[in-house]
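In what follows, a single structure is set out as structure tokens and then discussed.
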Amino acid sequence: MVKNVLDQALIEGAAMIPYGEVATYIPELGKADKNQLGICIFTRNGKQFSAGDTKVRFSMQSISKVVALMVALETCGFETVFKHVGMEPSGDAFNSLVKLEISSGYPYNPMINSGAIAICSYIEPELTFNEMLRRTRKVCSDPDIVLDRDVYHSEMAHTSRNRAIAYLLESKGVITGNVERVLELYVKLCSLSVTAESLASLGLLLANGGVQPETGEAVLRPDTVRVVKTIMTTCGMYDGSGEFAVRVGIPTKSGVGGGLLSVVDQRMGIGIFGPALDKKGNSVAGIRMLEYLSSQLGLHLFNDESKDVIYRRLETQLSEEESL
Ligand code: GLN
């Protein structure tokens, strides 16, 4: 039954692909096949469901902002992270500079470029890129994550806006270290290659309060996980976050590589790959699939039925099925 719902979700999502385009402002991303689409669900009770292109590697892009936020919270602490980065949705495009100049001068939140670049400036003096790679592999349970060098060099050659943001942040005293090294770390994290499966694993880790369900290992602190999930809910889809929260109601973070990382709290992680993007830089097919799943499986944060009823129904469905 869940597998049928997933297959139908793939059909619903595929119908949206003609309305989206792959990102081309990073030339290497423009080479993606916009018809690719995959979805993976990993549940807390150990079931895994997949449909479509779930093993294809693509760059994390802004989904790495979730990992950077986690690491910064655990390494530098809440007060440092949020001293110069806000917790409010910006209502602007992910790469906008506008509010940096006209309001406080601080980034609105860690899920947009300015916020993530500021957060990378806190991480950069503390941890090497290799350590960040190791931690990304760990939270995604995916030892095969590597730096996609083609994507990295392509973005570094076309990153004027991010460079402008970084130097503006330096002028405001938000970045105090070496700006070019911070920018390098930010773009390297964006260029890590994942699959829909790695994102479903990360989603499940967050859904399970930072504890790896298979091993019982506490990988992240509960307070880190709470902050990350809350900010994904309010800011994860940039200036599309409000409408997405109303229609879908599943904490999610998108990236312009076409990835979506979703967390159904206490229940499951969902990973999606669909590189055709809407105007805001979010996967068009991915959003449609999540909307469909949310309504079919009762996954909205504020579902009409009580969560218990929905959860029990889901568990019954799951126990009747074979894991794929
Ligand atoms: N690397 C991309 C950029 O900085 C990430 C943006 C995104 O995924 N929305 O523009």
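Chain identifiers are assigned as A, B, and so on, following the order in which chains appear in the structure tokens; residues are numbered from 1 within each chain, and ligands are numbered from 1 in order of appearance.
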
Taking only C-alpha atoms and all ligand atoms into account, report as number ranges by chain which residues have an atom no farther than 7 Å from an atom of ligand 1. A: 61-63, 94-95, 113, 155, 162, 187, 190, 254-257, 281

Each residue of stretch 30-85 of chain A lying at most 7 Å from stretch 212-232 of chain A should get a row with its shortest atom-to-atom pair and the distance in Å to one decimal, counting only C-alpha atoms; could you produce that, ordered by chain and increasing number, as JSON lines?
```
{"residue": "A:Arg44", "atom": "CA", "partner": "A:Pro213", "partner_atom": "CA", "distance": 6.5}
{"residue": "A:Val66", "atom": "CA", "partner": "A:Val228", "partner_atom": "CA", "distance": 6.9}
{"residue": "A:Met70", "atom": "CA", "partner": "A:Thr224", "partner_atom": "CA", "distance": 6.1}
{"residue": "A:Leu73", "atom": "CA", "partner": "A:Thr224", "partner_atom": "CA", "distance": 6.3}
{"residue": "A:Glu74", "atom": "CA", "partner": "A:Thr224", "partner_atom": "CA", "distance": 7.0}
```

Could you write those residues out with all heavy atoms, as a PDB file, in the first residue's frame?
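So again_12.pdb came out as:
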```pdb
ATOM      1  N   ARG A  44      10.924   4.704  10.905  1.00  0.00           N
ATOM      2  CA  ARG A  44      11.589   4.474  12.173  1.00  0.00           C
ATOM      3  C   ARG A  44      11.601   2.996  12.551  1.00  0.00           C
ATOM      4  O   ARG A  44      12.468   2.543  13.282  1.00  0.00           O
ATOM      5  CB  ARG A  44      10.886   5.287  13.262  1.00  0.00           C
ATOM      6  CG  ARG A  44      11.834   5.718  14.336  1.00  0.00           C
ATOM      7  CD  ARG A  44      11.282   6.875  15.094  1.00  0.00           C
ATOM      8  NE  ARG A  44      10.174   6.472  15.942  1.00  0.00           N
ATOM      9  CZ  ARG A  44       9.973   6.966  17.156  1.00  0.00           C
ATOM     10  NH1 ARG A  44      10.787   7.869  17.656  1.00  0.00           N
ATOM     11  NH2 ARG A  44       8.941   6.589  17.862  1.00  0.00           N
ATOM     12  N   VAL A  66      21.668  22.560   6.199  1.00  0.00           N
ATOM     13  CA  VAL A  66      21.168  21.836   7.370  1.00  0.00           C
ATOM     14  C   VAL A  66      22.339  21.210   8.128  1.00  0.00           C
ATOM     15  O   VAL A  66      22.434  21.309   9.355  1.00  0.00           O
ATOM     16  CB  VAL A  66      20.143  20.751   6.940  1.00  0.00           C
ATOM     17  CG1 VAL A  66      19.805  19.807   8.076  1.00  0.00           C
ATOM     18  CG2 VAL A  66      18.891  21.399   6.376  1.00  0.00           C
ATOM     19  N   MET A  70      23.722  22.155  11.899  1.00  0.00           N
ATOM     20  CA  MET A  70      23.891  21.134  12.954  1.00  0.00           C
ATOM     21  C   MET A  70      25.288  21.188  13.538  1.00  0.00           C
ATOM     22  O   MET A  70      25.471  21.198  14.754  1.00  0.00           O
ATOM     23  CB  MET A  70      23.813  19.717  12.332  1.00  0.00           C
ATOM     24  CG  MET A  70      22.509  19.215  11.988  1.00  0.00           C
ATOM     25  SD  MET A  70      22.896  17.686  11.058  1.00  0.00           S
ATOM     26  CE  MET A  70      21.298  17.306  10.534  1.00  0.00           C
ATOM     27  N   LEU A  73      25.975  24.339  15.548  1.00  0.00           N
ATOM     28  CA  LEU A  73      25.309  24.311  16.860  1.00  0.00           C
ATOM     29  C   LEU A  73      26.090  23.434  17.834  1.00  0.00           C
ATOM     30  O   LEU A  73      26.273  23.795  18.997  1.00  0.00           O
ATOM     31  CB  LEU A  73      23.873  23.785  16.721  1.00  0.00           C
ATOM     32  CG  LEU A  73      22.852  24.762  16.131  1.00  0.00           C
ATOM     33  CD1 LEU A  73      21.559  24.031  15.753  1.00  0.00           C
ATOM     34  CD2 LEU A  73      22.541  25.896  17.112  1.00  0.00           C
ATOM     35  N   GLU A  74      26.569  22.296  17.337  1.00  0.00           N
ATOM     36  CA  GLU A  74      27.252  21.369  18.235  1.00  0.00           C
ATOM     37  C   GLU A  74      28.689  21.809  18.529  1.00  0.00           C
ATOM     38  O   GLU A  74      29.226  21.496  19.575  1.00  0.00           O
ATOM     39  CB  GLU A  74      27.219  19.947  17.654  1.00  0.00           C
ATOM     40  CG  GLU A  74      25.789  19.500  17.390  1.00  0.00           C
ATOM     41  CD  GLU A  74      25.442  18.120  17.897  1.00  0.00           C
ATOM     42  OE1 GLU A  74      26.315  17.257  17.895  1.00  0.00           O
ATOM     43  OE2 GLU A  74      24.267  17.925  18.296  1.00  0.00           O
TER      44      GLU A  74
END
```

Stretch 97-107 of chain A surroundings by only C-alpha atoms, 8 Å radius, close-in-sequence under 4 positions cut, as a list of chain:residue names: A:His84, A:Val85, A:Gly86, A:Ser114, A:Gly115, A:Ala118, A:Ile165, A:Leu168, A:Leu169, A:Lys172, A:Val174

Step one, run DSSP on the backbone; step two, keep only residues of stretch 74-317 of chain A assigned to strand (DSSP E); then write them as JSON, numbers by chain. {"A": [193, 194, 252, 253, 254, 259, 260, 261, 262, 263, 264, 268, 269, 270, 271, 272, 273]}

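Distance check against A:Val151 using only C-alpha atoms: of A:Leu189, A:Cys40, A:Val139, A:Ala72, the minimum falls on A:Leu189.
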
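For the atom pair formed by atom CA of A:Gly38 and atom CA of A:Ile11, the distance is 10.7 Å, given to one decimal.
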
For the alpha helix (DSSP H) assignment from backbone DSSP, which residues of stretch 19-256 of chain A qualify? Please present them as a PyMOL selection string. chain A and resi 64-76+78-81+98-102+113-123+129-139+149-156+160-171+179-190+196-207+222-235+241-247

What lies within 7 Å of A:Met111 using only C-alpha atoms, ignoring chain neighbours under 2 positions off, as a PyMOL selection string? chain A and resi 65+109+113+115-116+235-236

How about saving the chosen residues, all heavy atoms kept, as an mmCIF file, in the first residue's frame?
```
data_model
loop_
_atom_site.group_PDB
_atom_site.id
_atom_site.type_symbol
_atom_site.label_atom_id
_atom_site.label_comp_id
_atom_site.auth_asym_id
_atom_site.auth_seq_id
_atom_site.Cartn_x
_atom_site.Cartn_y
_atom_site.Cartn_z
ATOM 1 N N LYS A 65 23.135 23.265 4.017
ATOM 2 C CA LYS A 65 22.936 24.293 5.048
ATOM 3 C C LYS A 65 22.402 23.663 6.344
ATOM 4 O O LYS A 65 22.649 24.164 7.444
ATOM 5 C CB LYS A 65 21.978 25.382 4.551
ATOM 6 C CG LYS A 65 22.586 26.209 3.395
ATOM 7 C CD LYS A 65 21.587 27.155 2.776
ATOM 8 C CE LYS A 65 22.204 28.201 1.859
ATOM 9 N NZ LYS A 65 22.389 27.857 0.471
ATOM 10 N N ASN A 109 18.208 34.149 8.312
ATOM 11 C CA ASN A 109 18.157 32.776 8.857
ATOM 12 C C ASN A 109 19.276 31.930 8.240
ATOM 13 O O ASN A 109 19.877 32.336 7.245
ATOM 14 C CB ASN A 109 16.762 32.160 8.622
ATOM 15 C CG ASN A 109 16.491 31.896 7.152
ATOM 16 O OD1 ASN A 109 17.107 31.020 6.545
ATOM 17 N ND2 ASN A 109 15.600 32.672 6.541
ATOM 18 N N ASN A 113 21.486 31.767 1.578
ATOM 19 C CA ASN A 113 22.935 31.822 1.351
ATOM 20 C C ASN A 113 23.668 32.689 2.371
ATOM 21 O O ASN A 113 24.700 32.289 2.908
ATOM 22 C CB ASN A 113 23.233 32.323 -0.066
ATOM 23 C CG ASN A 113 22.803 31.330 -1.113
ATOM 24 O OD1 ASN A 113 22.060 30.393 -0.809
ATOM 25 N ND2 ASN A 113 23.246 31.510 -2.336
ATOM 26 N N GLY A 115 22.964 33.514 5.419
ATOM 27 C CA GLY A 115 23.024 32.880 6.736
ATOM 28 C C GLY A 115 23.996 31.721 6.761
ATOM 29 O O GLY A 115 24.782 31.553 7.705
ATOM 30 N N ALA A 116 23.969 30.926 5.688
ATOM 31 C CA ALA A 116 24.857 29.749 5.651
ATOM 32 C C ALA A 116 26.308 30.176 5.492
ATOM 33 O O ALA A 116 27.216 29.537 6.046
ATOM 34 C CB ALA A 116 24.437 28.820 4.510
ATOM 35 N N CYS A 235 11.775 28.049 7.323
ATOM 36 C CA CYS A 235 12.658 28.699 6.336
ATOM 37 C C CYS A 235 13.214 27.757 5.269
ATOM 38 O O CYS A 235 13.967 28.208 4.400
ATOM 39 C CB CYS A 235 13.857 29.339 7.048
ATOM 40 S SG CYS A 235 13.452 30.408 8.431
ATOM 41 N N GLY A 236 12.881 26.481 5.299
ATOM 42 C CA GLY A 236 13.562 25.486 4.457
ATOM 43 C C GLY A 236 13.322 25.613 2.967
ATOM 44 O O GLY A 236 14.098 25.105 2.168
#
```

note - atom CA of A:Ile26 and atom CA of A:Ile145 are separated by 20.1 Å

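What separates atom CA of A:Ser64 from atom CA of A:Glu88 is a distance of 18.9 Å.
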
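For A:Val5, the residues within 10 Å (counting only C-alpha atoms, excluding itself and residues fewer than 3 positions away along the chain) are Met1, Val2, Gln8, Ala9, Leu10, Ile11, Met289, Tyr292, Leu293, Gln296 and Leu297 of chain A.
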
How about saving the chosen residues, C-alpha atoms kept, as a PDB file, in the first residue's frame?
```pdb
ATOM      1  CA  MET A   1       0.000   0.000   0.000  1.00  0.00           C
ATOM      2  CA  VAL A   2       2.737   2.503   0.856  1.00  0.00           C
ATOM      3  CA  GLN A   8       1.377   7.066  -7.668  1.00  0.00           C
ATOM      4  CA  ALA A   9       3.339   9.948  -6.115  1.00  0.00           C
ATOM      5  CA  LEU A  10       5.984   9.449  -8.792  1.00  0.00           C
ATOM      6  CA  ILE A  11       3.306   9.705 -11.505  1.00  0.00           C
ATOM      7  CA  MET A 289       5.049  14.336  -4.525  1.00  0.00           C
ATOM      8  CA  TYR A 292       0.379  13.996  -2.479  1.00  0.00           C
ATOM      9  CA  LEU A 293       2.049  11.864   0.205  1.00  0.00           C
ATOM     10  CA  GLN A 296      -2.591  10.262   1.329  1.00  0.00           C
ATOM     11  CA  LEU A 297      -0.683   9.226   4.441  1.00  0.00           C
TER      12      LEU A 297
END
```

Selection: 9 Å around A:Ile272, only C-alpha atoms, excl. self and same-chain fewer than 4 positions, as a ChimeraX atom specification: /A:37-41,53-54,195-197,199-200,258-262,283,286,289

Measuring atom to atom with only C-alpha atoms, identify which of A:Cys140, A:Ile112, A:Leu6, A:Leu277 is nearest to A:Thr234. A:Ile112

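Within the 9 Å cut-off around A:Val264, using only C-alpha atoms and omitting residues fewer than 4 positions from it on the same chain, the listed residues are A:Gly203, A:Leu204, A:Leu206, A:Ala207, A:Ile250, A:Pro251, A:Met268, A:Gly269, A:Ile270, A:Leu299, A:His300, A:Leu301.
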
So that I have them on file, write out the residues from the current selection with N, CA and C atoms, as a short mmCIF file (atom, residue, chain, number, x, y, z; two decimals), in the first residue's frame.
```
data_model
loop_
_atom_site.label_atom_id
_atom_site.label_comp_id
_atom_site.auth_asym_id
_atom_site.auth_seq_id
_atom_site.Cartn_x
_atom_site.Cartn_y
_atom_site.Cartn_z
N GLY A 203 16.98 12.40 7.00
CA GLY A 203 15.63 12.75 7.46
C GLY A 203 15.20 11.86 8.61
N LEU A 204 15.50 10.57 8.49
CA LEU A 204 15.12 9.64 9.55
C LEU A 204 15.88 9.93 10.84
N LEU A 206 16.89 12.78 11.87
CA LEU A 206 16.25 13.96 12.47
C LEU A 206 14.87 13.60 13.05
N ALA A 207 14.13 12.76 12.32
CA ALA A 207 12.80 12.34 12.81
C ALA A 207 12.93 11.59 14.13
N ILE A 250 5.27 19.41 6.07
CA ILE A 250 6.36 18.49 6.45
C ILE A 250 7.67 19.29 6.42
N PRO A 251 8.36 19.40 7.56
CA PRO A 251 9.63 20.13 7.57
C PRO A 251 10.57 19.63 6.47
N MET A 268 9.32 9.17 10.03
CA MET A 268 10.10 8.77 8.85
C MET A 268 10.93 9.91 8.28
N GLY A 269 11.93 9.52 7.49
CA GLY A 269 12.69 10.47 6.68
C GLY A 269 12.33 10.25 5.23
N ILE A 270 12.26 11.33 4.47
CA ILE A 270 11.96 11.22 3.04
C ILE A 270 13.07 11.93 2.27
N LEU A 299 0.38 13.07 6.67
CA LEU A 299 1.68 13.43 7.23
C LEU A 299 1.80 14.90 7.62
N HIS A 300 0.75 15.70 7.36
CA HIS A 300 0.84 17.13 7.70
C HIS A 300 1.01 17.29 9.21
N LEU A 301 1.88 18.24 9.60
CA LEU A 301 2.13 18.51 11.02
C LEU A 301 0.83 18.73 11.78
#
```

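The shortest atom-to-atom distance to A:Asn35, with only C-alpha atoms taken into account, belongs to A:Gly274 out of A:Pro125, A:Gly274, A:Pro89, A:Pro110.
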